[in-house]
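**Student:** Structure in structure tokens, see below.
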Amino acid sequence: MGAEVMSAEVLAFRDVTLGYDRHPAVHHLTGTVNAGELIAICGPNGAGKSTLLKGVVGLLSPLAGSIVRPDDGRARIAYLPQAAEVDRSFPINVYDIVALGLWRRTGLFGGISHADRERIAAAIAAVGLDGFERRPIGTLSGGQMQRALFARLLLQNAEIILLDEPFTALDAATVRDLVALVERWHGEGRTVLAVLHDLELVRAHFPRTLLLARSPVEWGETRTVLTSTNLTRARHMCEAWDESAHACEPARTERAA
Amino acid sequence: MNAYDLLIAPFAEFDFMRRALIGVIALGLGAGPVGVLMMLRRMSLAGDAMAHAILPGAAVGFLAAGLNLFAMTLGGLIAGFAVALGAGAVARATQMKEDAALAAFYLVSLALGVMLVSLRGSNVDLLHVLFGTVLALDDPTLLLIVGVSTVSMLTLAVLWRPLVVECVDPGFLRSVSRAGTPTHLVFLGLVVLNLVGGFHALGTLLAVGLMMLPAATARFWASDLTALVVAAVLVACGSGVIGLLVSYHLGVPSGPAIILVAGGAYVLSVLVGPIGGILPRLMPRRHLEA
């Protein structure tokens, strides 16, 4: 992908506040994401990381401010929620769950062509699940399930990929293979935002980081963001839900990078 | 008594038995797959709540126009759709979970029905609505049941993909499509439609039996979605046919007989079903190598 495209803005947060029942989970975030960026979103539990991804996908409307997305966001954004949202007891096999990645092409009613079948087989092979095609998802290990979901992401062929704690509770080999896929997407010029807790992994593979603690702490190059000062600030900024909190005044806007 | 007398003669000799046969097979074809999806969506008891919602609607139809197919069907459909769509919409638009919303809506419907019936001041014979009359299906009723079954199967064929995805990974469906909510509401509509079709034959409450018992039975025999649907339809139709024969030969009411046969199939499956049944679990078998 060329340099012009690399610098194009694909997402913009304009003083956005996201939350639940008027309580902010992400508070006054401003910043832009350029095409091709590989960004880690870090912060303590309850810092608003998953909420931010939901806002980007459009599953949650901002309480204030706005998120500027591509017009056809649903078609261009692929989103991997936390694994717990998949009903593993449902009688569906690996092949069918991976094939859902073709949704953009098939939609509600479209059939799967011969070429599509080859794409599905290639995606399953790319995540190392050859031979697992007919296995019900309920019989997969946590790592195998996550590989299947990554195969689905491969098929989605999206320009913007959002991953919510994609490597949690996985062994080292699985993490290594899946990180390689993320780097492959980065190499192809796709934009990737991943919520992560493993700071060593972030430092090794993610050039940019957004450190979030409800309010943004710092957003920029990973080595300048993940400093001990910033991490300490992040731990202190994340305050509890307050039933008696006052309405937020517009003048209190805080800004990140 | 030979096999012909036992299995074929009742249908060969009597027109009302042939009509009942067509009725129960059509009901099985429609309600079987709907039941499987209800079970997989963890809504097994929602069907029962909706049946309670339909009952007052059908009763009001009966009060207004007597034993009139159109009036009772319309009453049942209005009450059922109001409850199903109302509960579905509240669950999607507010923080309330769907089971609680459904409970709230069906109870209001039930109370409203009882109120209207008592205001009319007549001591209505609601046995028809409660227990159905599968052995007295006239042409219009049979056409209604077969029509419901056809609409149900065609709608499921069209909506199968979003229905399955919404069940297995709702987050994924929300991220790629806005089809989730409309699909769910159409599905709730299908449940109502099948229950209304079923109540003429089996009564409002027992109609749920032909929806949920075959689905629960199939879970002990099939682990793949397609096989589950096929198994549920076979159990539903089989229960219908055997129940009719039991009713004919023993002189017992046909609706309960059909549901009891389905119940028998369920109990048998709990005991010996190869997928998670009690006896296969207790059998000492050596573990596998991999």
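Just remember, in the structure tokens the first chain shown is A, the second B, etc., residues are 1-based per chain, and ligands are 1-based in the order shown.
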Compute the chain B side of the contact with chain A at 12 Å, counting only C-alpha atoms, and hand it back as an MDAnalysis selection string.

**Tutor:** chainID B and resid 36:37 39:42 94:95 156:180 183 219 222:229

**Student:** With the cut-off set at 10 Å and counting only C-alpha atoms, tabulate each residue of region 100-204 of chain B with an atom at most that distance from an atom of region 2-22 of chain B, showing the nearest atom pair and its distance in Å to one decimal, ordered by chain and increasing number, as JSON lines.

**Tutor:**
{"residue": "B:Thr133", "atom": "CA", "partner": "B:Ala20", "partner_atom": "CA", "distance": 9.1}
{"residue": "B:Val134", "atom": "CA", "partner": "B:Ala20", "partner_atom": "CA", "distance": 5.6}
{"residue": "B:Leu135", "atom": "CA", "partner": "B:Ala20", "partner_atom": "CA", "distance": 5.6}
{"residue": "B:Ala136", "atom": "CA", "partner": "B:Phe16", "partner_atom": "CA", "distance": 6.4}
{"residue": "B:Leu137", "atom": "CA", "partner": "B:Arg19", "partner_atom": "CA", "distance": 6.5}
{"residue": "B:Asp138", "atom": "CA", "partner": "B:Arg19", "partner_atom": "CA", "distance": 8.0}
{"residue": "B:Asp139", "atom": "CA", "partner": "B:Arg19", "partner_atom": "CA", "distance": 8.6}
{"residue": "B:Leu142", "atom": "CA", "partner": "B:Arg19", "partner_atom": "CA", "distance": 7.4}
{"residue": "B:Ile145", "atom": "CA", "partner": "B:Ile22", "partner_atom": "CA", "distance": 9.2}
{"residue": "B:Val146", "atom": "CA", "partner": "B:Ile22", "partner_atom": "CA", "distance": 8.2}
{"residue": "B:Ala201", "atom": "CA", "partner": "B:Ala20", "partner_atom": "CA", "distance": 8.1}

**Student:** Okay, now the selection with N, CA and C atoms, as a PDB file, in the first residue's frame?

**Tutor:**
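Saved the output as again.pdb:
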ATOM      1  N   THR B 133     -59.141 -29.869  18.710  1.00  0.00           N
ATOM      2  CA  THR B 133     -60.006 -30.936  18.193  1.00  0.00           C
ATOM      3  C   THR B 133     -59.370 -31.531  16.946  1.00  0.00           C
ATOM      4  N   VAL B 134     -58.284 -32.263  17.159  1.00  0.00           N
ATOM      5  CA  VAL B 134     -57.539 -32.771  16.007  1.00  0.00           C
ATOM      6  C   VAL B 134     -58.369 -33.774  15.200  1.00  0.00           C
ATOM      7  N   LEU B 135     -59.369 -34.389  15.816  1.00  0.00           N
ATOM      8  CA  LEU B 135     -60.174 -35.368  15.082  1.00  0.00           C
ATOM      9  C   LEU B 135     -61.354 -34.722  14.371  1.00  0.00           C
ATOM     10  N   ALA B 136     -61.440 -33.398  14.444  1.00  0.00           N
ATOM     11  CA  ALA B 136     -62.566 -32.726  13.775  1.00  0.00           C
ATOM     12  C   ALA B 136     -62.056 -31.541  12.961  1.00  0.00           C
ATOM     13  N   LEU B 137     -60.994 -31.756  12.205  1.00  0.00           N
ATOM     14  CA  LEU B 137     -60.432 -30.667  11.411  1.00  0.00           C
ATOM     15  C   LEU B 137     -61.209 -30.534  10.109  1.00  0.00           C
ATOM     16  N   ASP B 138     -61.882 -29.388   9.914  1.00  0.00           N
ATOM     17  CA  ASP B 138     -62.594 -29.193   8.640  1.00  0.00           C
ATOM     18  C   ASP B 138     -61.625 -28.612   7.606  1.00  0.00           C
ATOM     19  N   ASP B 139     -62.119 -28.421   6.403  1.00  0.00           N
ATOM     20  CA  ASP B 139     -61.238 -27.969   5.315  1.00  0.00           C
ATOM     21  C   ASP B 139     -60.516 -26.658   5.621  1.00  0.00           C
ATOM     22  N   LEU B 142     -57.782 -27.178   8.217  1.00  0.00           N
ATOM     23  CA  LEU B 142     -56.663 -27.938   7.655  1.00  0.00           C
ATOM     24  C   LEU B 142     -55.823 -27.043   6.744  1.00  0.00           C
ATOM     25  N   ILE B 145     -53.668 -24.814   8.901  1.00  0.00           N
ATOM     26  CA  ILE B 145     -52.511 -25.501   9.498  1.00  0.00           C
ATOM     27  C   ILE B 145     -51.428 -25.734   8.441  1.00  0.00           C
ATOM     28  N   VAL B 146     -51.838 -26.214   7.269  1.00  0.00           N
ATOM     29  CA  VAL B 146     -50.868 -26.479   6.206  1.00  0.00           C
ATOM     30  C   VAL B 146     -50.243 -25.163   5.723  1.00  0.00           C
ATOM     31  N   ALA B 201     -55.727 -27.858  16.575  1.00  0.00           N
ATOM     32  CA  ALA B 201     -55.622 -29.308  16.647  1.00  0.00           C
ATOM     33  C   ALA B 201     -55.376 -29.785  18.070  1.00  0.00           C
TER      34      ALA B 201
END

**Student:** Enumerate the residues of region 38-212 of chain B with a DSSP assignment of alpha helix (DSSP H), computed from the backbone, and present them as a ChimeraX atom specification.

**Tutor:** /B:38-40,46-65,69-93,98-120,127-131,139-168,170-176,180-202,204-212

**Student:** Name the closest residue to Val127 (chain A) among the candidates A:Leu102, A:Leu162, A:Val175, A:Ala115; distances are taken between atoms, counting only C-alpha atoms.

**Tutor:**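 Among A:Leu102, A:Leu162, A:Val175, A:Ala115, it is A:Val175 that comes nearest to Val127 (chain A).
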
**Student:** Please provide as a ChimeraX atom specification all residues within 8 Å of Thr32 (chain A), with the sequence filter that same-chain residues fewer than 2 positions apart are discarded (counting only C-alpha atoms).

**Tutor:** /A:9-13,30,34

**Student:** Contacts of Gly32 (chain B) at 10 Å or less, counting only C-alpha atoms, minus same-chain residues fewer than 3 places along, as a PyMOL selection string?

**Tutor:** chain B and resi 26-29+35-38+153+194+210-215+218+228-237

**Student:** CA of Gln144 (chain A) and CA of Leu288 (chain B) are how many Å apart?

**Tutor:**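 Rounded to one decimal, the two atoms are 20.5 Å apart.
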
**Student:** When you draw a straight line from CA of Gly128 (chain A) to CA of Ser50 (chain A), how long is it in Å?

**Tutor:** 27.6 Å
